[in-house]
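Have a look at entry06.txt below; it lists compact mmCIF, C-alpha atoms and all ligand atoms.
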```txt
# COMPACT_ATOMS: atom_id res chain seq x y z
CA MET A 13 75.80 -42.74 36.33
CA GLU A 14 74.00 -39.89 38.04
CA ALA A 15 74.27 -39.20 41.68
CA PRO A 16 71.26 -40.55 43.65
CA GLN A 17 70.57 -36.99 44.91
CA LYS A 18 70.23 -35.71 41.35
CA LEU A 19 67.90 -38.61 40.48
CA GLN A 20 65.75 -37.83 43.47
CA ARG A 21 65.48 -34.14 42.50
CA ARG A 22 64.50 -35.13 38.97
CA ALA A 23 61.81 -37.47 40.28
CA GLN A 24 60.50 -34.70 42.50
CA ARG A 25 60.42 -32.31 39.53
CA ARG A 26 58.57 -34.94 37.48
CA SER A 27 55.98 -35.53 40.16
CA LYS A 28 55.56 -31.75 40.54
CA ARG A 29 54.98 -31.50 36.81
CA THR A 30 52.43 -34.32 37.03
CA ARG A 31 50.62 -32.54 39.84
CA ILE A 32 50.50 -29.32 37.81
CA CYS A 33 49.23 -31.28 34.83
CA ILE A 34 46.49 -32.92 36.88
CA GLY A 35 45.64 -29.51 38.28
CA VAL A 36 45.35 -27.97 34.82
CA VAL A 37 43.23 -30.87 33.57
CA ALA A 38 41.00 -30.55 36.63
CA ILE A 39 40.65 -26.83 36.02
CA ILE A 40 39.70 -27.50 32.41
CA ILE A 41 37.18 -30.19 33.40
CA VAL A 42 35.62 -28.21 36.23
CA ILE A 43 35.86 -24.62 35.09
CA LEU A 44 35.54 -24.79 31.33
CA PRO A 45 31.97 -26.15 31.17
CA ASN A 46 30.98 -23.53 33.73
CA ALA A 47 32.65 -20.84 31.66
CA ILE A 48 30.78 -22.04 28.58
CA THR A 49 27.48 -22.16 30.46
CA CYS A 50 28.22 -18.71 31.80
CA ALA A 51 28.93 -17.33 28.32
CA LEU A 52 25.74 -18.96 27.01
CA LEU A 53 23.70 -17.52 29.85
CA LEU A 54 25.21 -14.12 29.23
CA SER A 55 24.37 -14.17 25.53
CA GLU A 56 20.99 -15.72 26.44
CA SER A 57 20.22 -12.84 28.76
CA THR A 58 20.57 -10.29 25.99
CA ARG A 59 19.06 -12.27 23.14
CA LEU A 60 15.78 -10.74 21.94
CA MET A 61 12.59 -12.68 21.48
CA ASN A 62 11.78 -12.92 17.78
CA PRO A 63 10.47 -11.42 15.64
CA VAL A 64 10.95 -7.79 16.63
CA THR A 65 10.10 -4.66 14.65
CA ILE A 66 11.33 -1.13 15.26
CA LEU A 67 8.37 1.24 15.69
CA LEU A 68 9.75 4.72 15.14
CA PRO A 69 7.68 7.82 15.88
CA LEU A 70 9.24 10.27 13.41
CA TYR A 71 7.71 13.56 14.40
CA THR A 72 10.26 15.74 12.74
CA TYR A 73 10.22 17.62 9.44
CA PRO A 74 12.56 16.19 6.78
CA THR A 75 14.81 19.22 6.53
CA LYS A 76 18.15 18.47 4.90
CA ASN A 77 19.82 15.58 6.79
CA ALA A 78 17.16 15.41 9.55
CA TRP A 79 16.14 11.86 8.59
CA GLU A 80 19.66 10.77 7.65
CA PRO A 81 20.20 8.61 10.82
CA LEU A 82 17.09 6.68 9.77
CA PHE A 83 18.18 6.24 6.17
CA ASN A 84 21.58 5.02 7.41
CA ALA A 85 19.93 2.53 9.77
CA ILE A 86 17.72 1.21 6.96
CA ASP A 87 20.69 0.75 4.63
CA GLN A 88 22.86 -0.90 7.26
CA ASN A 89 20.17 -3.26 8.59
CA PRO A 90 18.33 -4.55 5.52
CA SER A 91 16.83 -7.48 7.42
CA THR A 92 15.48 -5.42 10.33
CA ASN A 93 11.83 -4.50 9.89
CA ILE A 94 11.10 -0.85 10.63
CA THR A 95 7.66 0.71 10.89
CA VAL A 96 7.94 4.50 10.64
CA ILE A 97 5.16 6.77 11.90
CA VAL A 98 5.17 9.90 9.75
CA ASN A 99 3.54 12.97 11.23
CA VAL A 100 3.32 16.10 9.09
CA ASP A 101 1.45 18.33 11.52
CA SER A 102 -0.19 16.28 14.31
CA GLY A 103 -1.71 14.43 11.35
CA PRO A 104 -1.34 14.65 7.57
CA GLY A 105 -1.60 18.49 7.51
CA GLY A 106 -4.30 20.58 5.88
CA GLU A 107 -3.16 20.16 2.28
CA ALA A 108 -3.58 17.25 -0.09
CA SER A 109 0.20 17.03 -0.44
CA PRO A 110 2.57 17.10 2.53
CA GLY A 111 4.97 19.25 0.45
CA SER A 112 7.95 18.35 -1.68
CA PRO A 113 10.56 17.67 1.09
CA TYR A 114 8.09 15.22 2.65
CA VAL A 115 7.19 13.67 -0.67
CA SER A 116 10.80 12.87 -1.52
CA ALA A 117 11.66 11.67 2.01
CA VAL A 118 8.63 9.36 2.24
CA ARG A 119 9.30 8.09 -1.26
CA ARG A 120 12.82 7.20 -0.12
CA LEU A 121 11.42 5.33 2.92
CA ASN A 122 8.95 3.42 0.79
CA ALA A 123 11.68 2.35 -1.62
CA ALA A 124 13.21 0.21 1.16
CA GLN A 125 12.00 -3.40 1.39
CA ASN A 126 12.25 -3.48 5.19
CA VAL A 127 10.18 -0.33 5.88
CA ASN A 128 6.48 0.32 6.36
CA THR A 129 5.39 3.94 6.66
CA ILE A 130 2.20 4.65 8.56
CA GLY A 131 0.39 7.95 9.08
CA TYR A 132 -0.17 9.69 12.42
CA VAL A 133 -3.77 10.61 13.34
CA ARG A 134 -4.81 11.99 16.73
CA THR A 135 -8.12 11.14 18.32
CA ASN A 136 -8.02 13.05 21.65
CA TYR A 137 -9.24 10.01 23.60
CA SER A 138 -12.32 9.83 21.31
CA SER A 139 -13.27 13.46 22.00
CA ARG A 140 -12.15 14.50 18.54
CA ASP A 141 -14.94 14.62 15.96
CA ILE A 142 -14.83 11.27 14.17
CA ASP A 143 -15.41 12.99 10.82
CA LEU A 144 -12.11 14.84 11.27
CA VAL A 145 -10.35 11.58 12.16
CA ILE A 146 -11.74 9.88 9.07
CA ARG A 147 -10.82 12.92 6.96
CA ASP A 148 -7.19 12.57 8.14
CA VAL A 149 -7.20 8.88 7.19
CA ALA A 150 -8.60 9.84 3.76
CA THR A 151 -5.87 12.47 3.28
CA TYR A 152 -3.17 9.84 3.87
CA SER A 153 -5.01 7.46 1.57
CA ARG A 154 -4.97 10.06 -1.21
CA TRP A 155 -1.18 10.41 -1.00
CA SER A 156 -1.17 7.37 -3.28
CA ASP A 157 -3.07 9.41 -5.91
CA LEU A 158 -0.34 12.05 -5.85
CA ASP A 159 2.26 9.38 -6.46
CA GLY A 160 1.97 5.59 -6.10
CA THR A 161 5.34 5.41 -4.35
CA LEU A 162 4.04 7.72 -1.62
CA ALA A 163 1.36 5.36 -0.27
CA VAL A 164 1.34 4.67 3.48
CA SER A 165 0.62 1.14 4.68
CA GLY A 166 -1.27 1.87 7.87
CA ILE A 167 -2.39 4.40 10.45
CA PHE A 168 -1.15 5.16 13.96
CA PHE A 169 -4.08 6.45 16.03
CA ASP A 170 -2.66 8.46 18.91
CA GLU A 171 -4.45 9.27 22.18
CA THR A 172 -6.92 6.41 21.90
CA PRO A 173 -9.12 5.67 24.94
CA HIS A 174 -7.58 3.16 27.35
CA ASP A 175 -10.82 1.82 28.79
CA LEU A 176 -14.54 1.64 28.10
CA GLN A 177 -15.35 4.59 30.41
CA GLN A 178 -13.09 6.88 28.43
CA LEU A 179 -14.65 5.82 25.15
CA GLN A 180 -17.18 8.57 24.28
CA GLU A 181 -18.99 6.61 21.58
CA PRO A 182 -19.02 2.78 21.67
CA SER A 183 -18.36 2.38 17.94
CA TYR A 184 -15.73 5.16 17.71
CA LEU A 185 -12.64 2.92 17.53
CA ALA A 186 -14.26 0.29 15.33
CA ASP A 187 -15.24 3.12 12.94
CA THR A 188 -11.76 4.62 12.79
CA ASN A 189 -10.32 1.16 12.13
CA ARG A 190 -12.85 0.45 9.41
CA ALA A 191 -11.88 3.71 7.69
CA VAL A 192 -8.35 2.31 7.31
CA GLU A 193 -9.60 -1.06 6.12
CA ASN A 194 -11.80 0.63 3.48
CA SER A 195 -9.13 3.02 2.19
CA ALA A 196 -8.07 1.90 -1.28
CA GLY A 197 -5.00 4.17 -1.13
CA ILE A 198 -3.57 2.55 1.99
CA ARG A 199 -1.35 -0.36 1.07
CA ASP A 200 -1.16 -3.75 2.71
CA PRO A 201 -0.69 -4.69 5.46
CA LYS A 202 -2.99 -1.71 6.36
CA LEU A 203 -1.55 -1.81 9.84
CA VAL A 204 -3.73 -0.21 12.54
CA ILE A 205 -1.90 0.84 15.71
CA HIS A 206 -3.56 2.38 18.76
CA ASN A 207 -1.71 4.38 21.38
CA PRO A 208 -3.72 4.87 24.58
CA ASP A 209 -0.77 6.56 26.39
CA THR A 210 -1.25 4.26 29.36
CA ILE A 211 -1.60 0.54 30.02
CA PRO A 212 -4.95 -0.30 28.41
CA SER A 213 -7.81 -2.19 30.00
CA ALA A 214 -7.91 -5.81 28.84
CA ARG A 215 -11.67 -5.34 28.29
CA LEU A 216 -11.05 -2.86 25.48
CA SER A 217 -10.40 -4.73 22.24
CA PRO A 218 -11.82 -2.81 19.30
CA PRO A 219 -12.14 -4.92 16.13
CA GLY A 220 -9.52 -4.15 13.52
CA THR A 221 -6.72 -3.06 15.85
CA ASP A 222 -3.53 -4.87 14.89
CA VAL A 223 -1.16 -3.45 17.49
CA THR A 224 -1.68 -1.56 20.76
CA VAL A 225 1.02 0.47 22.45
CA ILE A 226 0.75 -0.94 25.96
CA PHE A 227 3.53 1.20 27.38
CA GLU A 228 4.86 4.63 26.42
CA ASN A 229 6.72 6.16 29.33
CA SER A 230 10.08 6.59 31.01
CA PHE A 231 12.63 3.94 31.91
CA ASP A 232 11.88 4.51 35.60
CA ALA A 233 8.15 3.97 35.07
CA PHE A 234 8.92 0.81 33.08
CA GLN A 235 10.66 -0.71 36.10
CA ASN A 236 7.41 -0.43 38.05
CA SER A 237 5.12 -1.63 35.26
CA GLU A 238 6.53 -4.98 34.28
CA ALA A 239 4.00 -6.98 36.31
CA ALA A 240 1.02 -5.03 34.94
CA LEU A 241 2.32 -5.49 31.39
CA GLU A 242 2.89 -9.21 31.89
CA ALA A 243 -0.70 -9.58 33.06
CA LEU A 244 -2.12 -8.37 29.73
CA PRO A 245 -3.82 -11.15 27.78
CA GLY A 246 -2.68 -10.45 24.21
CA SER A 247 0.21 -11.97 22.29
CA ARG A 248 3.46 -10.04 21.90
CA SER A 249 2.77 -9.65 18.17
CA SER A 250 -0.19 -7.40 19.03
CA TYR A 251 1.72 -5.15 21.40
CA SER A 252 4.21 -2.31 21.31
CA ILE A 253 6.40 -0.96 24.12
CA MET A 254 8.15 2.43 23.93
CA VAL A 255 10.57 3.51 26.62
CA HIS A 256 12.11 6.99 26.83
CA SER A 257 14.55 8.69 29.22
CA VAL A 258 16.75 5.59 29.34
CA PRO A 259 19.74 6.65 31.50
CA SER A 260 23.10 6.50 29.80
CA GLY A 261 25.15 3.49 30.84
CA LYS A 262 22.13 1.17 30.97
CA ASN A 263 22.56 -2.23 29.33
CA LEU A 264 20.31 -1.68 26.30
CA GLY A 265 20.55 -5.33 25.26
CA LYS A 266 19.14 -6.46 28.58
CA LEU A 267 16.41 -3.81 28.53
CA LEU A 268 15.41 -4.69 24.98
CA ARG A 269 15.28 -8.37 25.85
CA THR A 270 12.78 -7.60 28.63
CA MET A 271 10.81 -5.36 26.30
CA SER A 272 10.82 -8.00 23.56
CA GLN A 273 9.26 -10.55 25.91
CA GLY A 274 6.17 -8.37 26.16
CA ALA A 275 5.92 -6.89 22.69
CA GLU A 276 7.08 -7.23 19.10
CA TYR A 277 7.04 -3.51 18.18
CA LEU A 278 9.73 -1.72 20.14
CA PHE A 279 11.25 1.71 20.58
CA LEU A 280 13.63 3.13 23.13
CA THR A 281 15.46 6.43 23.42
CA SER A 282 17.84 8.07 25.83
CA ALA A 283 16.14 11.42 25.12
CA ASP A 284 14.27 12.83 28.11
CA GLU A 285 12.41 15.51 26.14
CA GLY A 286 11.25 15.88 22.53
CA PHE A 287 11.54 12.07 22.42
CA TYR A 288 10.31 11.75 18.85
CA GLU A 289 11.70 14.96 17.42
CA HIS A 290 15.33 13.99 17.09
CA PHE A 291 17.60 10.97 16.97
CA SER A 292 19.14 10.60 20.41
CA GLY A 293 22.54 9.22 21.37
CA SER A 294 21.04 5.75 21.85
CA TRP A 295 19.68 5.43 18.28
CA ASP A 296 22.59 3.59 16.64
CA ARG A 297 23.01 1.14 19.50
CA PHE A 298 19.24 0.51 19.63
CA VAL A 299 19.12 -0.24 15.91
CA SER A 300 22.13 -2.53 16.02
CA ILE A 301 20.71 -4.61 18.90
CA MET A 302 17.35 -4.88 17.11
CA GLY A 303 19.19 -6.14 14.04
CA SER A 304 21.40 -8.65 15.80
C1 LIG B 401 9.99 -8.76 8.30
O1 LIG B 401 8.69 -8.67 7.79
C2 LIG B 401 8.39 -9.60 6.78
C3 LIG B 401 7.03 -9.27 6.22
O2 LIG B 401 6.09 -9.14 7.23
C4 LIG B 401 8.49 -10.99 7.37
O3 LIG B 401 8.21 -11.95 6.39
C5 LIG B 401 9.88 -11.20 7.91
O4 LIG B 401 9.98 -12.44 8.54
C6 LIG B 401 10.25 -10.11 8.91
N1 LIG B 401 11.65 -10.24 9.27
C7 LIG B 401 12.06 -10.29 10.54
C8 LIG B 401 13.52 -10.41 10.74
O5 LIG B 401 11.30 -10.20 11.50
C1 LIG B 402 -9.54 17.28 23.64
O1 LIG B 402 -10.83 17.10 24.15
C2 LIG B 402 -11.12 17.89 25.29
C3 LIG B 402 -12.53 17.55 25.73
O2 LIG B 402 -12.61 16.23 26.12
C4 LIG B 402 -10.98 19.36 24.98
O3 LIG B 402 -11.19 20.12 26.15
C5 LIG B 402 -9.59 19.64 24.44
O4 LIG B 402 -9.49 20.98 24.03
C6 LIG B 402 -9.29 18.72 23.26
N1 LIG B 402 -7.89 18.90 22.87
C7 LIG B 402 -7.55 19.20 21.65
C8 LIG B 402 -6.08 19.39 21.40
O5 LIG B 402 -8.34 19.32 20.73
```
Once more with this new file: its structure as structure tokens, please.
Ligand SMILES: *[C@@H]1O[C@H](CO)[C@@H](O)[C@H](O)[C@H]1NC(C)=O
Ligand SMILES: *[C@@H]1O[C@H](CO)[C@@H](O)[C@H](O)[C@H]1NC(C)=O
Amino acid sequence: MEAPQKLQRRAQRRSKRTRICIGVVAIIIVILPNAITCALLLSESTRLMNPVTILLPLYTYPTKNAWEPLFNAIDQNPSTNITVIVNVDSGPGGEASPGSPYVSAVRRLNAAQNVNTIGYVRTNYSSRDIDLVIRDVATYSRWSDLDGTLAVSGIFFDETPHDLQQLQEPSYLADTNRAVENSAGIRDPKLVIHNPDTIPSARLSPPGTDVTVIFENSFDAFQNSEAALEALPGSRSSYSIMVHSVPSGKNLGKLLRTMSQGAEYLFLTSADEGFYEHFSGSWDRFVSIMGS
């Protein structure tokens, strides 16, 4: 028979164990659901609105390896849609063919299921002679005559007017858009993108524009523009947002989630100069978030 003292100590130990057990159970009951909610909220806060498409201004010549970060991204993210703006020389260049390095690089882009290539055309806020604009569209359209696998599937009109006052000729933008629509050499979906360089007036809605770049500026400017962007009337599928000079250390997932709420076509870069002339340090991370 055990001494009463020993029995008492054992009972105390048991009740201590019970208290610890109750404590642990309480912690599980109280804290665990909160932890789960917290984790959900956290993943929620970085989850992008869907669908999203990468809109990449690729204003660099395809010298050996220059486009390799893009080809890698395409291979590694076969279910991420990427629209690539090709720009030979602030447009298609003066020749019928963009030259053999371009031909083989564009052919390689077009071979990917998840890529649309579109041609860059500048309009100088509608000051540029419309005949020259239409000639550029026609040059891209004729790439398909050189080689069927070279066809672009849309046009990116840069420097479009952002309001009716800036528009020199009322029909200018409808005419440029119609030129794309009527080009037999431009493949479906014959995407027409306008880039007014600044938040456009809601009153400007030229027929035939599929997507408008509603923001193309620095990260700092983006912080001050969210309300103005939210006030725009269109759906996110008709908008693009491009943010440059993103400081290193920023949470790109969070930034892209905010961007994806306003627009489907997205681009961001940490570059603070020559934004579209090289792949910056943020490229791989950007692509992987867009694909997740
Ligand atoms: C990619 O684009 C295709 C064709 O427009 C579409 O059917 C598909 O849903 C898109 N995929 C994603 C992940 O958005
Ligand atoms: C754009 O148009 C303006 C006139 O509105 C002209 O002064 C300027 O030279 C043009 N820019 C280019 C690059 O053609």
*For ligand LIG 402 (chain B), which residue out of A:Ser292, A:Asn263, A:Ser252, A:Ser139 is the nearest one, using all atoms listed in the file?*
A:Ser139
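Proximity to Thr281 of chain A was assessed for A:Ser300, A:Ser257, A:Ser91, A:Ser109 counting all atoms listed in the file; the smallest distance is recorded for A:Ser257.
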*asked:* List as a ChimeraX atom specification the protein and nucleic acid residues lying within 12 Å of ligand LIG 402 (chain B), with only C-alpha atoms and all ligand atoms counted.
replied: /A:102,134-141,144-145,170-173,178-180
Give me the box for ligand LIG 401 (chain B) as JSON, namely the centre and edge lengths in Å to one decimal of a box along x, y and z that holds every listed atom plus 4 Å on each side.
```
{"center_x": 9.8, "center_y": -10.6, "center_z": 8.9, "size_x": 15.4, "size_y": 11.8, "size_z": 13.3}
```
_Residue with smallest distance to Gly246 of chain A - pool A:Thr270, A:Asn99, A:Ser213, A:Thr188, counting only C-alpha atoms_ = A:Ser213
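With only C-alpha atoms and all ligand atoms counted, the chains near ligand LIG 401 (chain B) contribute these residues within 8 Å: Asn62, Pro63, Val64, Thr65, Ser91, Thr92, Asn93, Asn126 and Gly303 of chain A.
Computed from the coordinates, the atom CA of Ala214 of chain A to atom CA of Ala240 of chain A distance equals 10.8 Å.
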